[in-house]
Structure formats: structure tokens, C-alpha cells
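Data block below; observations after.
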Amino acid sequence: MIVRSRRAAPVLVCAKCLKRSDEGRDVRRALKSELKANKRDGIKPAKLVMTGCFGLCPKKSIVLASGASLARQEYVLVADRDQVPAALARLNGGRGE
């Protein structure tokens, strides 16, 4: 049986990176608000899902991924809240800067 969600695909974020980053709290808030702002008609906004380590462990960034980016074997690194809109565009297959 196949079931389709009425919610947009989740965004995965490394909880360890988020906790370790000085900007972690601001980035988390920015991610949640941006996901709510990008809500499409008839579809609930994407959830932010905390995960374990992705194994990349950047020094001053937070690792993000989505189902689409994992299929492409790509991760997105975010250092501060200003990078969140472009990061979410990249996760969804866009070319955010």
C-alpha cells in the first residue's frame, strides 16, 4: 500500500550541528518561519525534523538535507539565518544563492 502525505516533504537538520553552533537557535527559528511562509495552497507546511549526525561535521555550519537532496547525494550547509531562504531553495532542487 502506498500513502501520500498532505504535508510538504520534511527538512532534515543535524541536531548536533544545531546545538554546537553559536547561531543554532536563530537558524532553527528562521527555518521554521521560512517553511511556514513557503506553504502551498492545500498542503500543510513542511516539518523540521531533527536527526542524528550526517557524518560531515563542519566547524561553523549546520547540515541540512531533504529527501530530494539525499537522492542527489547533496547536503546544504548553513552558517547563519540569512542563508536559510537560499538553502531551502537548494534543498528543493532550485539554484538558491
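Chain labels run A, B, ... following the order of the C-alpha cells; each chain numbers its residues from 1, and ligands are numbered from 1 in the order shown.
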If you run DSSP over the backbone, which residues in chain A end up helix (DSSP H, G or I)? Put them as a tab-separated table (two decimals) with N, CA, C and O atoms, in the first residue's frame.
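part10.tsv, written as the output of this step:
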chain	number	residue	atom	x	y	z
A	15	ALA	N	20.88	17.66	14.56
A	15	ALA	CA	20.68	18.24	15.89
A	15	ALA	C	22.01	18.56	16.57
A	15	ALA	O	22.11	19.56	17.29
A	16	LYS	N	23.02	17.78	16.31
A	16	LYS	CA	24.34	18.01	16.91
A	16	LYS	C	24.95	19.31	16.38
A	16	LYS	O	25.47	20.12	17.15
A	17	CYS	N	24.86	19.54	15.07
A	17	CYS	CA	25.37	20.78	14.47
A	17	CYS	C	24.59	21.99	15.01
A	17	CYS	O	25.17	23.03	15.31
A	18	LEU	N	23.28	21.84	15.12
A	18	LEU	CA	22.42	22.91	15.59
A	18	LEU	C	22.76	23.29	17.02
A	18	LEU	O	22.84	24.47	17.37
A	19	LYS	N	23.00	22.29	17.83
A	19	LYS	CA	23.33	22.53	19.23
A	19	LYS	C	24.71	23.17	19.39
A	19	LYS	O	24.91	24.04	20.24
A	20	ARG	N	25.64	22.75	18.57
A	20	ARG	CA	27.03	23.21	18.68
A	20	ARG	C	27.24	24.61	18.10
A	20	ARG	O	28.15	25.32	18.50
A	24	GLY	N	22.77	28.56	16.17
A	24	GLY	CA	21.81	27.47	16.08
A	24	GLY	C	20.37	27.86	16.38
A	24	GLY	O	19.46	27.50	15.64
A	25	ARG	N	20.16	28.59	17.44
A	25	ARG	CA	18.79	28.98	17.82
A	25	ARG	C	18.17	29.88	16.75
A	25	ARG	O	17.01	29.70	16.37
A	26	ASP	N	18.94	30.85	16.25
A	26	ASP	CA	18.43	31.75	15.21
A	26	ASP	C	18.15	31.00	13.90
A	26	ASP	O	17.15	31.27	13.24
A	27	VAL	N	19.02	30.09	13.54
A	27	VAL	CA	18.84	29.32	12.30
A	27	VAL	C	17.60	28.44	12.42
A	27	VAL	O	16.79	28.36	11.48
A	28	ARG	N	17.39	27.82	13.56
A	28	ARG	CA	16.21	26.97	13.76
A	28	ARG	C	14.93	27.79	13.63
A	28	ARG	O	13.98	27.38	12.95
A	29	ARG	N	14.89	28.95	14.25
A	29	ARG	CA	13.71	29.82	14.15
A	29	ARG	C	13.48	30.27	12.71
A	29	ARG	O	12.35	30.30	12.23
A	30	ALA	N	14.57	30.64	12.03
A	30	ALA	CA	14.46	31.09	10.64
A	30	ALA	C	13.96	29.96	9.74
A	30	ALA	O	13.13	30.18	8.85
A	31	LEU	N	14.44	28.74	9.97
A	31	LEU	CA	13.99	27.59	9.18
A	31	LEU	C	12.50	27.36	9.37
A	31	LEU	O	11.76	27.20	8.40
A	32	LYS	N	12.04	27.36	10.61
A	32	LYS	CA	10.62	27.13	10.88
A	32	LYS	C	9.74	28.21	10.27
A	32	LYS	O	8.73	27.91	9.65
A	33	SER	N	10.15	29.47	10.43
A	33	SER	CA	9.31	30.55	9.88
A	33	SER	C	9.32	30.54	8.35
A	33	SER	O	8.30	30.79	7.72
A	34	GLU	N	10.45	30.22	7.74
A	34	GLU	CA	10.54	30.17	6.28
A	34	GLU	C	9.72	29.00	5.73
A	34	GLU	O	9.07	29.14	4.69
A	35	LEU	N	9.72	27.88	6.42
A	35	LEU	CA	8.91	26.74	5.98
A	35	LEU	C	7.42	27.09	6.05
A	35	LEU	O	6.65	26.73	5.15
A	36	LYS	N	7.00	27.79	7.09
A	36	LYS	CA	5.60	28.20	7.19
A	36	LYS	C	5.25	29.23	6.12
A	36	LYS	O	4.16	29.21	5.57
A	37	ALA	N	6.19	30.12	5.81
A	37	ALA	CA	5.95	31.16	4.81
A	37	ALA	C	5.85	30.57	3.39
A	37	ALA	O	5.15	31.13	2.54
A	67	GLY	N	14.64	14.85	1.31
A	67	GLY	CA	14.59	13.62	0.53
A	67	GLY	C	15.16	13.81	-0.86
A	67	GLY	O	15.90	12.97	-1.37
A	68	ALA	N	14.82	14.95	-1.48
A	68	ALA	CA	15.32	15.24	-2.83
A	68	ALA	C	16.83	15.43	-2.84
A	68	ALA	O	17.52	14.94	-3.74
A	69	SER	N	17.36	16.13	-1.84
A	69	SER	CA	18.81	16.37	-1.82
A	69	SER	C	19.57	15.09	-1.51
A	69	SER	O	20.65	14.85	-2.04
A	70	LEU	N	19.00	14.23	-0.65
A	70	LEU	CA	19.65	12.95	-0.35
A	70	LEU	C	19.68	12.05	-1.57
A	70	LEU	O	20.65	11.32	-1.79
A	71	ALA	N	18.64	12.11	-2.39
A	71	ALA	CA	18.62	11.33	-3.64
A	71	ALA	C	19.73	11.79	-4.58
A	71	ALA	O	20.27	10.98	-5.33
A	81	ARG	N	21.33	32.78	9.81
A	81	ARG	CA	19.92	32.84	9.42
A	81	ARG	C	19.70	33.50	8.05
A	81	ARG	O	18.70	33.23	7.40
A	82	ASP	N	20.64	34.31	7.59
A	82	ASP	CA	20.50	34.97	6.29
A	82	ASP	C	20.60	33.97	5.13
A	82	ASP	O	20.13	34.25	4.03
A	83	GLN	N	21.21	32.83	5.36
A	83	GLN	CA	21.40	31.83	4.32
A	83	GLN	C	20.22	30.85	4.20
A	83	GLN	O	20.18	30.03	3.28
A	84	VAL	N	19.26	30.94	5.12
A	84	VAL	CA	18.16	29.96	5.17
A	84	VAL	C	17.30	29.95	3.91
A	84	VAL	O	17.04	28.87	3.37
A	85	PRO	N	16.81	31.09	3.38
A	85	PRO	CA	15.96	31.02	2.17
A	85	PRO	C	16.65	30.35	0.98
A	85	PRO	O	16.06	29.51	0.30
A	86	ALA	N	17.91	30.69	0.75
A	86	ALA	CA	18.65	30.08	-0.36
A	86	ALA	C	18.89	28.60	-0.10
A	86	ALA	O	18.83	27.78	-1.03
A	87	ALA	N	19.12	28.23	1.15
A	87	ALA	CA	19.35	26.83	1.49
A	87	ALA	C	18.11	25.99	1.23
A	87	ALA	O	18.19	24.90	0.67
A	88	LEU	N	16.95	26.51	1.62
A	88	LEU	CA	15.70	25.78	1.37
A	88	LEU	C	15.41	25.65	-0.13
A	88	LEU	O	14.91	24.62	-0.58
A	89	ALA	N	15.76	26.68	-0.89
A	89	ALA	CA	15.58	26.59	-2.35
A	89	ALA	C	16.48	25.51	-2.93
A	89	ALA	O	16.06	24.74	-3.81
A	90	ARG	N	17.70	25.41	-2.45
A	90	ARG	CA	18.62	24.37	-2.92
A	90	ARG	C	18.13	22.97	-2.55
A	90	ARG	O	18.25	22.03	-3.33
A	91	LEU	N	17.59	22.85	-1.35
A	91	LEU	CA	17.09	21.53	-0.91
A	91	LEU	C	15.97	21.03	-1.81
A	91	LEU	O	15.83	19.85	-2.04
Residues within 7 Å of Arg7 in chain A, only C-alpha atoms, excluding chain neighbours under 2 positions, as a ChimeraX atom specification:
/A:5,9,43-46
What separation in Å, quoted to one decimal, exists between CA of Asn38 in chain A and CA of Ser21 in chain A?
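Calculated distance between CA of Asn38 in chain A and CA of Ser21 in chain A is 25.0 Å.
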Please provide as a list in words all residues within 7 Å of Val76 in chain A, with the sequence filter that same-chain residues fewer than 2 positions apart are discarded (counting only C-alpha atoms).
Val63, Leu64, Ala65, Glu74, Val78 and Ala87 of chain A
With distances taken over only C-alpha atoms, which residue among A:Asp41, A:Arg4, A:Arg72, A:Leu77 lies nearest Pro58 in chain A?
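Smallest distance to Pro58 in chain A is found for A:Leu77.
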Strand (DSSP E) call set, DSSP backbone run, chain A, as an NGL selection string:
:A and (11-14 or 48-51 or 62-66 or 76-78)
When you look at Leu12 in chain A with a cut-off of 7 Å (counting only C-alpha atoms), what residues show up, excluding the ones that are within fewer than 2 positions of it in the same chain? I need them as a PDB file with N, CA, C and O atoms, in the first residue's frame.
ATOM      1  N   PRO A  10       9.622  16.762   4.486  1.00  0.00           N
ATOM      2  CA  PRO A  10      10.313  17.342   5.640  1.00  0.00           C
ATOM      3  C   PRO A  10      11.720  17.819   5.299  1.00  0.00           C
ATOM      4  O   PRO A  10      12.335  17.359   4.340  1.00  0.00           O
ATOM      5  N   CYS A  14      20.719  18.366  11.252  1.00  0.00           N
ATOM      6  CA  CYS A  14      21.553  17.673  12.227  1.00  0.00           C
ATOM      7  C   CYS A  14      21.419  18.368  13.582  1.00  0.00           C
ATOM      8  O   CYS A  14      21.792  19.533  13.732  1.00  0.00           O
ATOM      9  N   LEU A  48      10.207  20.493  10.277  1.00  0.00           N
ATOM     10  CA  LEU A  48      11.643  20.492  10.521  1.00  0.00           C
ATOM     11  C   LEU A  48      11.923  19.293  11.421  1.00  0.00           C
ATOM     12  O   LEU A  48      11.394  19.213  12.532  1.00  0.00           O
ATOM     13  N   VAL A  49      12.712  18.339  10.943  1.00  0.00           N
ATOM     14  CA  VAL A  49      12.965  17.104  11.669  1.00  0.00           C
ATOM     15  C   VAL A  49      14.427  17.070  12.110  1.00  0.00           C
ATOM     16  O   VAL A  49      15.338  17.152  11.282  1.00  0.00           O
ATOM     17  N   MET A  50      14.629  16.954  13.427  1.00  0.00           N
ATOM     18  CA  MET A  50      15.981  16.841  13.969  1.00  0.00           C
ATOM     19  C   MET A  50      16.462  15.404  13.779  1.00  0.00           C
ATOM     20  O   MET A  50      15.737  14.458  14.079  1.00  0.00           O
ATOM     21  N   THR A  51      17.666  15.250  13.279  1.00  0.00           N
ATOM     22  CA  THR A  51      18.224  13.923  13.030  1.00  0.00           C
ATOM     23  C   THR A  51      19.531  13.768  13.782  1.00  0.00           C
ATOM     24  O   THR A  51      20.025  14.713  14.399  1.00  0.00           O
ATOM     25  N   LEU A  64      21.938  20.572   6.547  1.00  0.00           N
ATOM     26  CA  LEU A  64      20.529  20.376   6.213  1.00  0.00           C
ATOM     27  C   LEU A  64      20.428  19.386   5.054  1.00  0.00           C
ATOM     28  O   LEU A  64      21.329  19.316   4.215  1.00  0.00           O
ATOM     29  N   ALA A  65      19.311  18.676   5.012  1.00  0.00           N
ATOM     30  CA  ALA A  65      19.057  17.761   3.893  1.00  0.00           C
ATOM     31  C   ALA A  65      17.552  17.603   3.726  1.00  0.00           C
ATOM     32  O   ALA A  65      16.775  17.968   4.600  1.00  0.00           O
ATOM     33  N   SER A  66      17.164  17.072   2.581  1.00  0.00           N
ATOM     34  CA  SER A  66      15.768  16.720   2.309  1.00  0.00           C
ATOM     35  C   SER A  66      15.798  15.407   1.538  1.00  0.00           C
ATOM     36  O   SER A  66      16.868  14.934   1.142  1.00  0.00           O
TER      37      SER A  66
END
Quick check, in Å to one decimal: how far apart do CA of Lys60 in chain A and CA of Ala79 in chain A lie?
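Interatomic distance here is 6.3 Å.
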